[in-house]
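Q: Have a look at this one before I ask anything.
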Amino acid sequence: MMERYLLRYFLAVVDHGSFNRAAAACNVSQPTLSVGIAKLERSLGAPLFLRAGQRTELTPAGSRLLGHARRIEAEFNLAQSAVAAETGEAGATLRIGILHSIPGDIVAQAVADRDPDESGRIEILYGSAQDLAGRLARGRIDAALSLVEGAGGRFAERAVATETYAIAIGATHRLGERRSVQAEDVASETMIVRRHCEALAATSRYFTERGVRPPFALRSTNDERVLQMVAAGLGLTVMPASYRFPGVARPRLTGFDATRTLGWLFGAQAGALRDAPAPLMQRIETLLTARLDKNAVQTS
């Protein structure tokens with residue numbers, strides 16, 4: 001008999017592309033997840049993954065299982081929602097995902113502004129665009145504020161805002177008071193790499209094409225730590241324009257035209273949220289668009 005947690009392990013490996021990342025997403029150790037996958041393979045009588053170095057690919061048997069596993073997980077979550085509705089708990093929990101690279105202070109302010117009369121619980125999960133898409137597909141979250149252009153049409157969606165990128169540099173730095181800087185201005189500077197940035201390849205190409213190859217002082221997936229180190233003078237980085245942090249200036253990077261479109265993606269069980277977003281979702285939208293509008297005025 002296939003147990004649900006084994007299917008969740010299987011889907012996590014598919015969605016994250018590796019056993020290590022899947023284990024972290026499932027809050028288990030990598031050996032525990034590997035044992036679970038091996039147990040599932042024994043029960044099915046066929047290997048599900050091919051492992052070649054850092055890459056993990058589905059076998060033909062794994063590919064056949066994938067569609068069934070997604071349907072089983074989605075149906076299980078729909079059943080949970082139906083039972084909650086029958087017991088009077090419908091709408092009790094709003095489960096939303098937030099892209100890692102959306103400023104946390106915007107989401108925190110939206111939560112802080114919650115009306116005391118708002119009913120229901122809130123569950124917020126941060127993740128990569130790939131992680132959030134996987135959780136949406138499995139019915140683990142109702143909606144996700146993520147990259148609309150990377151969703152591939154898999155979900156109902158509603159665009160919220162298109163955002164540019166800018167330099168993040170210490171406010172007391174010699175370039176901190178400028179409205180814009182050029183690649184040549186930072187040729188002698190030390191950089192901090194945001195490893196999870198969706199514009200990382202475009203950023204690297206921008207500097208390389210201009211002959212700028214700076215040393216790196218830090219590589220991190222934690223934007224709060226990145227901003228702390230920028231404010232401390234360790235180095236500078238490129239971030240979405242919506243980020244603000246004490247002691248950090250955000251001049252425009254001349255000639256860097258990359259943008260991203262953020263929006264809500266909706267799971268199959270939460271289509272109604274597209275036409276009637278929950279109050280928390282509306283506040284996040286309002287705060288995000290207001291900050292981007294303010295940025296546009298300041299840099300014009």
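Going through the structure tokens in order, the chains are called A, B, and so on, while each chain numbers its residues from 1 and the ligands are numbered from 1 in the order shown.
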Taking the DSSP secondary structure from the backbone, can you list the residues of segment 92-208 of chain A that are alpha helix (DSSP H), as a list in words?
A: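 Assigned to alpha helix (DSSP H), within segment 92-208 of chain A: Gly104, Asp105, Ile106, Val107, Ala108, Gln109, Ala110, Val111, Ala112, Ala129, Gln130, Asp131, Leu132, Ala133, Gly134, Arg135, Leu136, Ala137, Leu200, Ala201, Ala202, Thr203, Ser204, Arg205, Tyr206, Phe207 and Thr208 of chain A.
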Q: Report as number ranges by chain all protein, DNA and RNA residues lying within 12 Å of segment 192-199 of chain A, evaluated on only C-alpha atoms, omitting residues in the same chain fewer than 5 positions from it.
A: A: 99-102, 127-130, 146-147, 149-150, 163-169, 204-206, 214-231, 233-240, 256-262
Q: Mind listing the strand (DSSP E) residues of segment 60-297 of chain A, per DSSP on the backbone, as a short mmCIF file (atom, residue, chain, number, x, y, z; two decimals) with all heavy atoms, in the first residue's frame?
A:
```
data_model
loop_
_atom_site.label_atom_id
_atom_site.label_comp_id
_atom_site.auth_asym_id
_atom_site.auth_seq_id
_atom_site.Cartn_x
_atom_site.Cartn_y
_atom_site.Cartn_z
N THR A 93 -8.83 28.86 7.47
CA THR A 93 -7.39 29.05 7.27
C THR A 93 -7.12 29.51 5.84
O THR A 93 -7.54 28.86 4.89
CB THR A 93 -6.61 27.75 7.54
OG1 THR A 93 -6.87 27.31 8.87
CG2 THR A 93 -5.12 27.98 7.35
N LEU A 94 -6.43 30.63 5.73
CA LEU A 94 -5.95 31.12 4.43
C LEU A 94 -4.49 30.74 4.33
O LEU A 94 -3.66 31.18 5.11
CB LEU A 94 -6.11 32.63 4.33
CG LEU A 94 -5.47 33.29 3.10
CD1 LEU A 94 -6.18 32.86 1.82
CD2 LEU A 94 -5.47 34.81 3.23
N ARG A 95 -4.15 29.92 3.34
CA ARG A 95 -2.78 29.43 3.18
C ARG A 95 -2.17 30.09 1.95
O ARG A 95 -2.57 29.80 0.83
CB ARG A 95 -2.78 27.91 3.02
CG ARG A 95 -3.50 27.14 4.14
CD ARG A 95 -3.70 25.70 3.77
NE ARG A 95 -4.45 25.59 2.52
CZ ARG A 95 -4.55 24.45 1.80
NH1 ARG A 95 -3.94 23.36 2.20
NH2 ARG A 95 -5.26 24.43 0.69
N ILE A 96 -1.24 30.99 2.17
CA ILE A 96 -0.63 31.70 1.05
C ILE A 96 0.87 31.50 1.04
O ILE A 96 1.52 31.41 2.08
CB ILE A 96 -0.98 33.20 1.04
CG1 ILE A 96 -0.43 33.90 2.28
CG2 ILE A 96 -2.47 33.42 0.91
CD1 ILE A 96 -0.58 35.42 2.22
N GLY A 97 1.43 31.44 -0.16
CA GLY A 97 2.87 31.38 -0.34
C GLY A 97 3.39 32.73 -0.79
O GLY A 97 2.70 33.46 -1.51
N ILE A 98 4.60 33.05 -0.39
CA ILE A 98 5.24 34.31 -0.76
C ILE A 98 6.62 34.01 -1.31
O ILE A 98 7.40 33.27 -0.69
CB ILE A 98 5.37 35.26 0.45
CG1 ILE A 98 4.01 35.53 1.11
CG2 ILE A 98 6.04 36.57 0.04
CD1 ILE A 98 3.06 36.34 0.27
N LEU A 99 6.92 34.56 -2.47
CA LEU A 99 8.24 34.39 -3.07
C LEU A 99 9.32 34.91 -2.12
O LEU A 99 9.19 35.97 -1.53
CB LEU A 99 8.29 35.15 -4.39
CG LEU A 99 9.54 34.97 -5.26
CD1 LEU A 99 9.62 33.55 -5.80
CD2 LEU A 99 9.52 35.97 -6.41
N ARG A 121 -7.82 31.87 10.34
CA ARG A 121 -6.40 31.78 10.59
C ARG A 121 -5.62 32.05 9.30
O ARG A 121 -6.15 31.94 8.20
CB ARG A 121 -6.03 30.39 11.12
CG ARG A 121 -6.63 30.08 12.48
CD ARG A 121 -6.28 28.67 12.92
NE ARG A 121 -4.84 28.47 12.99
CZ ARG A 121 -4.16 27.65 12.17
NH1 ARG A 121 -4.79 26.98 11.23
NH2 ARG A 121 -2.85 27.51 12.31
N ILE A 122 -4.35 32.37 9.46
CA ILE A 122 -3.46 32.63 8.33
C ILE A 122 -2.25 31.70 8.44
O ILE A 122 -1.67 31.55 9.51
CB ILE A 122 -2.97 34.09 8.32
CG1 ILE A 122 -4.14 35.05 8.18
CG2 ILE A 122 -1.96 34.32 7.21
CD1 ILE A 122 -3.74 36.50 8.42
N GLU A 123 -1.89 31.09 7.33
CA GLU A 123 -0.64 30.34 7.23
C GLU A 123 0.16 30.93 6.08
O GLU A 123 -0.34 31.03 4.96
CB GLU A 123 -0.90 28.85 6.98
CG GLU A 123 -1.49 28.11 8.17
CD GLU A 123 -1.67 26.62 7.89
OE1 GLU A 123 -1.20 26.16 6.82
OE2 GLU A 123 -2.27 25.94 8.73
N ILE A 124 1.39 31.35 6.35
CA ILE A 124 2.24 31.96 5.33
C ILE A 124 3.48 31.08 5.15
O ILE A 124 4.12 30.68 6.13
CB ILE A 124 2.66 33.39 5.73
CG1 ILE A 124 1.42 34.27 5.85
CG2 ILE A 124 3.63 33.98 4.71
CD1 ILE A 124 1.71 35.67 6.36
N LEU A 125 3.79 30.80 3.90
CA LEU A 125 4.95 29.97 3.59
C LEU A 125 5.80 30.69 2.57
O LEU A 125 5.29 31.13 1.54
CB LEU A 125 4.50 28.61 3.05
CG LEU A 125 5.61 27.62 2.70
CD1 LEU A 125 5.22 26.22 3.11
CD2 LEU A 125 5.93 27.66 1.21
N TYR A 126 7.09 30.86 2.86
CA TYR A 126 8.02 31.46 1.91
C TYR A 126 8.72 30.36 1.12
O TYR A 126 9.01 29.28 1.64
CB TYR A 126 9.07 32.30 2.64
CG TYR A 126 8.57 33.65 3.09
CD1 TYR A 126 7.96 33.82 4.33
CD2 TYR A 126 8.68 34.76 2.26
CE1 TYR A 126 7.48 35.05 4.75
CE2 TYR A 126 8.21 36.00 2.66
CZ TYR A 126 7.61 36.13 3.90
OH TYR A 126 7.14 37.37 4.30
N GLY A 127 9.00 30.64 -0.14
CA GLY A 127 9.69 29.65 -0.95
C GLY A 127 10.12 30.22 -2.29
O GLY A 127 9.82 31.36 -2.63
N ALA A 143 -2.97 30.09 -2.57
CA ALA A 143 -2.51 31.10 -3.53
C ALA A 143 -1.07 31.44 -3.21
O ALA A 143 -0.60 31.22 -2.09
CB ALA A 143 -3.39 32.36 -3.45
N ALA A 144 -0.37 31.96 -4.21
CA ALA A 144 1.03 32.34 -4.01
C ALA A 144 1.32 33.64 -4.74
O ALA A 144 0.93 33.81 -5.90
CB ALA A 144 1.96 31.24 -4.51
N LEU A 145 1.99 34.56 -4.05
CA LEU A 145 2.49 35.78 -4.69
C LEU A 145 3.88 35.45 -5.21
O LEU A 145 4.83 35.32 -4.45
CB LEU A 145 2.53 36.93 -3.69
CG LEU A 145 2.91 38.29 -4.26
CD1 LEU A 145 1.96 38.72 -5.37
CD2 LEU A 145 2.94 39.35 -3.16
N SER A 146 3.98 35.31 -6.53
CA SER A 146 5.21 34.78 -7.11
C SER A 146 5.44 35.42 -8.48
O SER A 146 4.84 36.44 -8.81
CB SER A 146 5.10 33.26 -7.23
OG SER A 146 6.33 32.68 -7.64
N LEU A 147 6.33 34.81 -9.26
CA LEU A 147 6.63 35.29 -10.61
C LEU A 147 5.54 34.80 -11.55
O LEU A 147 5.38 33.59 -11.75
CB LEU A 147 7.99 34.78 -11.07
CG LEU A 147 9.20 35.19 -10.23
CD1 LEU A 147 10.46 34.50 -10.77
CD2 LEU A 147 9.38 36.69 -10.23
N ALA A 156 -4.41 29.51 -12.57
CA ALA A 156 -5.08 30.79 -12.75
C ALA A 156 -4.21 31.85 -12.10
O ALA A 156 -3.58 31.61 -11.06
CB ALA A 156 -6.46 30.74 -12.08
N GLU A 157 -4.15 33.02 -12.71
CA GLU A 157 -3.22 34.03 -12.20
C GLU A 157 -3.81 35.43 -12.34
O GLU A 157 -4.72 35.68 -13.12
CB GLU A 157 -1.89 33.96 -12.94
CG GLU A 157 -2.01 34.19 -14.43
CD GLU A 157 -0.71 33.94 -15.18
OE1 GLU A 157 -0.06 32.91 -14.92
OE2 GLU A 157 -0.36 34.79 -16.03
N ARG A 158 -3.25 36.34 -11.56
CA ARG A 158 -3.62 37.75 -11.65
C ARG A 158 -2.39 38.59 -11.38
O ARG A 158 -1.85 38.57 -10.27
CB ARG A 158 -4.73 38.08 -10.64
CG ARG A 158 -5.25 39.52 -10.78
CD ARG A 158 -6.60 39.66 -10.08
NE ARG A 158 -6.50 39.36 -8.66
CZ ARG A 158 -6.08 40.24 -7.74
NH1 ARG A 158 -5.71 41.44 -8.10
NH2 ARG A 158 -6.04 39.91 -6.47
N ALA A 159 -1.92 39.31 -12.39
CA ALA A 159 -0.72 40.12 -12.25
C ALA A 159 -0.97 41.28 -11.29
O ALA A 159 -2.06 41.84 -11.24
CB ALA A 159 -0.28 40.65 -13.61
N VAL A 160 0.05 41.62 -10.50
CA VAL A 160 -0.05 42.72 -9.52
C VAL A 160 0.82 43.89 -9.93
O VAL A 160 0.37 45.04 -9.95
CB VAL A 160 0.35 42.22 -8.12
CG1 VAL A 160 0.45 43.38 -7.14
CG2 VAL A 160 -0.64 41.18 -7.61
N ALA A 161 2.09 43.64 -10.26
CA ALA A 161 3.00 44.74 -10.55
C ALA A 161 4.22 44.23 -11.30
O ALA A 161 4.61 43.07 -11.16
CB ALA A 161 3.44 45.43 -9.26
N THR A 162 4.79 45.11 -12.12
CA THR A 162 6.07 44.83 -12.77
C THR A 162 7.14 45.67 -12.08
O THR A 162 6.96 46.86 -11.86
CB THR A 162 6.02 45.17 -14.27
OG1 THR A 162 5.06 44.32 -14.89
CG2 THR A 162 7.38 44.93 -14.93
N GLU A 163 8.23 45.01 -11.73
CA GLU A 163 9.25 45.64 -10.89
C GLU A 163 10.60 45.65 -11.58
O GLU A 163 10.99 44.70 -12.27
CB GLU A 163 9.34 44.88 -9.56
CG GLU A 163 10.34 45.45 -8.58
CD GLU A 163 10.30 44.73 -7.23
OE1 GLU A 163 9.76 43.60 -7.18
OE2 GLU A 163 10.80 45.29 -6.26
N THR A 164 11.35 46.72 -11.38
CA THR A 164 12.71 46.83 -11.89
C THR A 164 13.70 46.44 -10.79
O THR A 164 13.31 46.11 -9.66
CB THR A 164 13.00 48.26 -12.36
OG1 THR A 164 12.84 49.15 -11.24
CG2 THR A 164 12.06 48.67 -13.47
N TYR A 165 14.99 46.51 -11.12
CA TYR A 165 16.06 46.21 -10.17
C TYR A 165 16.93 47.45 -9.99
O TYR A 165 16.97 48.33 -10.85
CB TYR A 165 16.91 45.04 -10.66
CG TYR A 165 16.17 43.73 -10.71
CD1 TYR A 165 15.33 43.44 -11.78
CD2 TYR A 165 16.27 42.80 -9.70
CE1 TYR A 165 14.62 42.25 -11.85
CE2 TYR A 165 15.57 41.60 -9.75
CZ TYR A 165 14.75 41.34 -10.82
OH TYR A 165 14.05 40.16 -10.88
N ALA A 166 17.63 47.51 -8.86
CA ALA A 166 18.51 48.65 -8.58
C ALA A 166 19.67 48.18 -7.72
O ALA A 166 19.63 47.10 -7.11
CB ALA A 166 17.74 49.77 -7.87
N ILE A 167 20.71 48.99 -7.67
CA ILE A 167 21.85 48.71 -6.80
C ILE A 167 21.42 48.90 -5.34
O ILE A 167 20.63 49.79 -5.02
CB ILE A 167 23.02 49.68 -7.13
CG1 ILE A 167 23.70 49.24 -8.43
CG2 ILE A 167 24.02 49.75 -6.00
CD1 ILE A 167 24.68 48.09 -8.27
N ALA A 168 21.94 48.07 -4.47
CA ALA A 168 21.84 48.29 -3.02
C ALA A 168 23.25 48.58 -2.53
O ALA A 168 24.15 47.75 -2.69
CB ALA A 168 21.26 47.06 -2.32
N ILE A 169 23.43 49.75 -1.93
CA ILE A 169 24.76 50.22 -1.55
C ILE A 169 24.67 51.00 -0.25
O ILE A 169 23.64 51.61 0.05
CB ILE A 169 25.36 51.10 -2.69
CG1 ILE A 169 26.84 51.35 -2.48
CG2 ILE A 169 24.57 52.39 -2.85
CD1 ILE A 169 27.52 51.91 -3.72
N GLY A 170 25.70 50.94 0.56
CA GLY A 170 25.68 51.64 1.84
C GLY A 170 25.39 53.13 1.66
O GLY A 170 25.94 53.77 0.76
N SER A 180 21.52 57.42 -9.86
CA SER A 180 21.87 56.32 -10.76
C SER A 180 23.38 56.15 -10.81
O SER A 180 24.13 57.10 -10.58
CB SER A 180 21.32 56.57 -12.17
OG SER A 180 21.94 57.70 -12.75
N VAL A 181 23.80 54.91 -11.07
CA VAL A 181 25.22 54.62 -11.22
C VAL A 181 25.40 53.76 -12.46
O VAL A 181 24.46 53.08 -12.92
CB VAL A 181 25.80 53.89 -9.99
CG1 VAL A 181 25.68 54.74 -8.74
CG2 VAL A 181 25.10 52.56 -9.78
N MET A 191 31.35 42.87 -4.43
CA MET A 191 29.94 42.54 -4.61
C MET A 191 29.47 41.47 -3.62
O MET A 191 30.27 40.67 -3.12
CB MET A 191 29.70 42.03 -6.03
CG MET A 191 29.97 43.05 -7.13
SD MET A 191 28.71 44.34 -7.22
CE MET A 191 27.32 43.41 -7.85
N ILE A 192 28.19 41.48 -3.37
CA ILE A 192 27.50 40.43 -2.60
C ILE A 192 26.53 39.75 -3.55
O ILE A 192 25.78 40.42 -4.26
CB ILE A 192 26.75 41.02 -1.39
CG1 ILE A 192 27.76 41.59 -0.39
CG2 ILE A 192 25.86 39.97 -0.74
CD1 ILE A 192 27.12 42.32 0.77
N VAL A 193 26.56 38.43 -3.60
CA VAL A 193 25.73 37.67 -4.54
C VAL A 193 24.49 37.13 -3.83
O VAL A 193 24.58 36.45 -2.82
CB VAL A 193 26.52 36.49 -5.14
CG1 VAL A 193 25.64 35.69 -6.10
CG2 VAL A 193 27.76 37.00 -5.88
N ARG A 194 23.33 37.49 -4.37
CA ARG A 194 22.05 36.92 -3.91
C ARG A 194 21.80 35.67 -4.76
O ARG A 194 21.29 35.75 -5.87
CB ARG A 194 20.92 37.93 -4.07
CG ARG A 194 21.13 39.20 -3.26
CD ARG A 194 20.10 40.26 -3.60
NE ARG A 194 18.73 39.79 -3.40
CZ ARG A 194 17.87 39.57 -4.39
NH1 ARG A 194 18.24 39.77 -5.65
NH2 ARG A 194 16.65 39.15 -4.13
N PHE A 216 33.91 38.85 -4.79
CA PHE A 216 32.70 38.61 -4.02
C PHE A 216 33.04 38.42 -2.54
O PHE A 216 33.93 37.66 -2.19
CB PHE A 216 31.96 37.38 -4.53
CG PHE A 216 31.59 37.48 -5.99
CD1 PHE A 216 32.10 36.58 -6.92
CD2 PHE A 216 30.75 38.48 -6.43
CE1 PHE A 216 31.77 36.69 -8.26
CE2 PHE A 216 30.40 38.59 -7.77
CZ PHE A 216 30.91 37.69 -8.69
N ALA A 217 32.30 39.14 -1.69
CA ALA A 217 32.55 39.05 -0.25
C ALA A 217 31.56 38.11 0.45
O ALA A 217 31.82 37.65 1.56
CB ALA A 217 32.44 40.44 0.38
N LEU A 218 30.43 37.86 -0.20
CA LEU A 218 29.39 37.04 0.44
C LEU A 218 28.48 36.49 -0.64
O LEU A 218 28.14 37.18 -1.60
CB LEU A 218 28.57 37.90 1.42
CG LEU A 218 27.33 37.24 2.06
CD1 LEU A 218 27.75 36.12 3.02
CD2 LEU A 218 26.49 38.28 2.79
N ARG A 219 28.09 35.23 -0.47
CA ARG A 219 27.05 34.61 -1.28
C ARG A 219 25.97 34.11 -0.33
O ARG A 219 26.26 33.34 0.57
CB ARG A 219 27.60 33.46 -2.12
CG ARG A 219 28.59 33.89 -3.20
CD ARG A 219 29.22 32.69 -3.88
NE ARG A 219 30.03 33.04 -5.03
CZ ARG A 219 31.29 33.42 -4.97
NH1 ARG A 219 31.90 33.52 -3.79
NH2 ARG A 219 31.96 33.73 -6.06
N SER A 220 24.73 34.55 -0.54
CA SER A 220 23.69 34.23 0.43
C SER A 220 22.32 34.13 -0.24
O SER A 220 22.07 34.75 -1.28
CB SER A 220 23.65 35.31 1.53
OG SER A 220 22.60 35.05 2.45
N THR A 237 25.14 45.08 -3.97
CA THR A 237 24.46 44.02 -4.71
C THR A 237 23.37 44.62 -5.58
O THR A 237 23.11 45.82 -5.53
CB THR A 237 23.88 42.96 -3.74
OG1 THR A 237 23.48 41.80 -4.47
CG2 THR A 237 22.68 43.52 -2.98
N VAL A 238 22.73 43.77 -6.37
CA VAL A 238 21.59 44.16 -7.19
C VAL A 238 20.36 43.45 -6.65
O VAL A 238 20.38 42.23 -6.45
CB VAL A 238 21.81 43.80 -8.67
CG1 VAL A 238 20.56 44.12 -9.50
CG2 VAL A 238 23.02 44.54 -9.22
N MET A 239 19.29 44.23 -6.39
CA MET A 239 18.08 43.68 -5.78
C MET A 239 16.85 44.29 -6.44
O MET A 239 16.93 45.36 -7.05
CB MET A 239 18.04 44.00 -4.28
CG MET A 239 19.23 43.57 -3.48
SD MET A 239 19.04 43.90 -1.70
CE MET A 239 17.89 42.60 -1.24
N PRO A 240 15.69 43.63 -6.28
CA PRO A 240 14.45 44.26 -6.73
C PRO A 240 14.26 45.63 -6.08
O PRO A 240 14.66 45.85 -4.93
CB PRO A 240 13.37 43.28 -6.27
CG PRO A 240 14.07 41.95 -6.25
CD PRO A 240 15.46 42.26 -5.78
N VAL A 248 20.85 51.81 3.78
CA VAL A 248 21.08 51.29 2.43
C VAL A 248 20.44 52.24 1.42
O VAL A 248 19.26 52.57 1.53
CB VAL A 248 20.51 49.87 2.26
CG1 VAL A 248 20.64 49.41 0.80
CG2 VAL A 248 21.22 48.90 3.18
N ALA A 249 21.21 52.68 0.42
CA ALA A 249 20.70 53.52 -0.66
C ALA A 249 20.39 52.63 -1.86
O ALA A 249 20.97 51.56 -2.03
CB ALA A 249 21.74 54.58 -1.04
N ARG A 252 19.53 53.75 -9.17
CA ARG A 252 19.24 52.96 -10.37
C ARG A 252 20.55 52.54 -11.04
O ARG A 252 21.54 53.27 -11.01
CB ARG A 252 18.40 53.81 -11.32
CG ARG A 252 17.89 53.10 -12.56
CD ARG A 252 16.84 53.96 -13.26
NE ARG A 252 17.36 55.29 -13.53
CZ ARG A 252 18.02 55.60 -14.64
NH1 ARG A 252 18.28 54.67 -15.54
NH2 ARG A 252 18.45 56.83 -14.84
N LEU A 253 20.55 51.38 -11.66
CA LEU A 253 21.73 50.87 -12.37
C LEU A 253 21.53 51.13 -13.86
O LEU A 253 20.71 50.49 -14.52
CB LEU A 253 21.91 49.37 -12.11
CG LEU A 253 23.15 48.69 -12.71
CD1 LEU A 253 24.43 49.37 -12.22
CD2 LEU A 253 23.17 47.22 -12.34
N THR A 259 13.40 43.19 -15.66
CA THR A 259 12.21 43.41 -14.83
C THR A 259 11.63 42.05 -14.44
O THR A 259 12.01 41.01 -14.99
CB THR A 259 11.12 44.20 -15.58
OG1 THR A 259 10.70 43.45 -16.72
CG2 THR A 259 11.64 45.57 -16.01
N ARG A 260 10.73 42.07 -13.49
CA ARG A 260 9.98 40.87 -13.14
C ARG A 260 8.52 41.26 -12.91
O ARG A 260 8.23 42.35 -12.42
CB ARG A 260 10.56 40.20 -11.89
CG ARG A 260 10.45 41.03 -10.61
CD ARG A 260 10.94 40.23 -9.42
NE ARG A 260 10.72 40.93 -8.15
CZ ARG A 260 10.93 40.39 -6.95
NH1 ARG A 260 11.37 39.15 -6.86
NH2 ARG A 260 10.71 41.08 -5.85
N THR A 261 7.62 40.38 -13.27
CA THR A 261 6.20 40.60 -13.05
C THR A 261 5.73 39.71 -11.91
O THR A 261 5.86 38.48 -11.99
CB THR A 261 5.37 40.31 -14.31
OG1 THR A 261 5.82 41.17 -15.37
CG2 THR A 261 3.89 40.58 -14.06
N LEU A 262 5.23 40.34 -10.87
CA LEU A 262 4.73 39.63 -9.70
C LEU A 262 3.22 39.55 -9.76
O LEU A 262 2.55 40.47 -10.24
CB LEU A 262 5.15 40.34 -8.42
CG LEU A 262 6.66 40.51 -8.19
CD1 LEU A 262 6.91 41.41 -6.99
CD2 LEU A 262 7.32 39.15 -7.99
N GLY A 263 2.67 38.47 -9.28
CA GLY A 263 1.23 38.33 -9.26
C GLY A 263 0.81 37.14 -8.43
O GLY A 263 1.63 36.35 -7.97
N TRP A 264 -0.49 37.01 -8.25
CA TRP A 264 -1.05 35.89 -7.50
C TRP A 264 -1.30 34.71 -8.42
O TRP A 264 -1.86 34.86 -9.50
CB TRP A 264 -2.34 36.30 -6.82
CG TRP A 264 -2.17 37.28 -5.70
CD1 TRP A 264 -2.45 38.61 -5.72
CD2 TRP A 264 -1.68 37.00 -4.39
NE1 TRP A 264 -2.15 39.18 -4.51
CE2 TRP A 264 -1.68 38.22 -3.66
CE3 TRP A 264 -1.23 35.84 -3.75
CZ2 TRP A 264 -1.26 38.30 -2.34
CZ3 TRP A 264 -0.81 35.93 -2.42
CH2 TRP A 264 -0.82 37.14 -1.74
N LEU A 265 -0.87 33.54 -7.99
CA LEU A 265 -1.19 32.28 -8.64
C LEU A 265 -2.15 31.53 -7.73
O LEU A 265 -1.97 31.54 -6.51
CB LEU A 265 0.07 31.45 -8.88
CG LEU A 265 1.22 32.15 -9.62
CD1 LEU A 265 2.41 31.20 -9.72
CD2 LEU A 265 0.79 32.61 -10.99
N PHE A 266 -3.14 30.87 -8.31
CA PHE A 266 -4.20 30.26 -7.51
C PHE A 266 -4.28 28.76 -7.76
O PHE A 266 -4.28 28.32 -8.90
CB PHE A 266 -5.55 30.91 -7.83
CG PHE A 266 -5.57 32.39 -7.60
CD1 PHE A 266 -5.29 33.26 -8.65
CD2 PHE A 266 -5.82 32.91 -6.36
CE1 PHE A 266 -5.30 34.64 -8.46
CE2 PHE A 266 -5.81 34.29 -6.15
CZ PHE A 266 -5.55 35.15 -7.20
#
```
Q: Considering only C-alpha atoms, can you say which of A:Glu75, A:Asp142, A:Glu184, A:Glu3 comes closest to Thr254 of chain A?
A: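 Answer, going by the shortest atom-to-atom distance: A:Glu184.
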Q: I'd like the interatomic distance between atom CA of Arg4 of chain A and atom CA of Ile72 of chain A, to a tenth of an Å.
A: 8.6 Å
Q: Could you give me, as JSON lines, a per-residue list for segment 105-184 of chain A showing, wherever an atom lies at most 8 Å from an atom of segment 279-290 of chain A, the closest pair of atoms and their distance in Å to one decimal, using only C-alpha atoms and sorting by chain then residue number from low to high?
A:
```
{"residue": "A:Ile106", "atom": "CA", "partner": "A:Leu287", "partner_atom": "CA", "distance": 6.3}
{"residue": "A:Val107", "atom": "CA", "partner": "A:Ile284", "partner_atom": "CA", "distance": 5.9}
{"residue": "A:Ala110", "atom": "CA", "partner": "A:Arg283", "partner_atom": "CA", "distance": 5.4}
{"residue": "A:Val111", "atom": "CA", "partner": "A:Leu280", "partner_atom": "CA", "distance": 6.7}
{"residue": "A:Arg114", "atom": "CA", "partner": "A:Leu280", "partner_atom": "CA", "distance": 7.1}
{"residue": "A:Val160", "atom": "CA", "partner": "A:Glu285", "partner_atom": "CA", "distance": 6.7}
{"residue": "A:Ala161", "atom": "CA", "partner": "A:Thr289", "partner_atom": "CA", "distance": 6.5}
```
Q: From the set A:Asp131, A:Ala46, A:Lys294, A:Val148, which residue has the shortest atom-to-atom contact distance to Ala24 of chain A, counting only C-alpha atoms?
A: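 Smallest separation from Ala24 of chain A among the options: A:Asp131.
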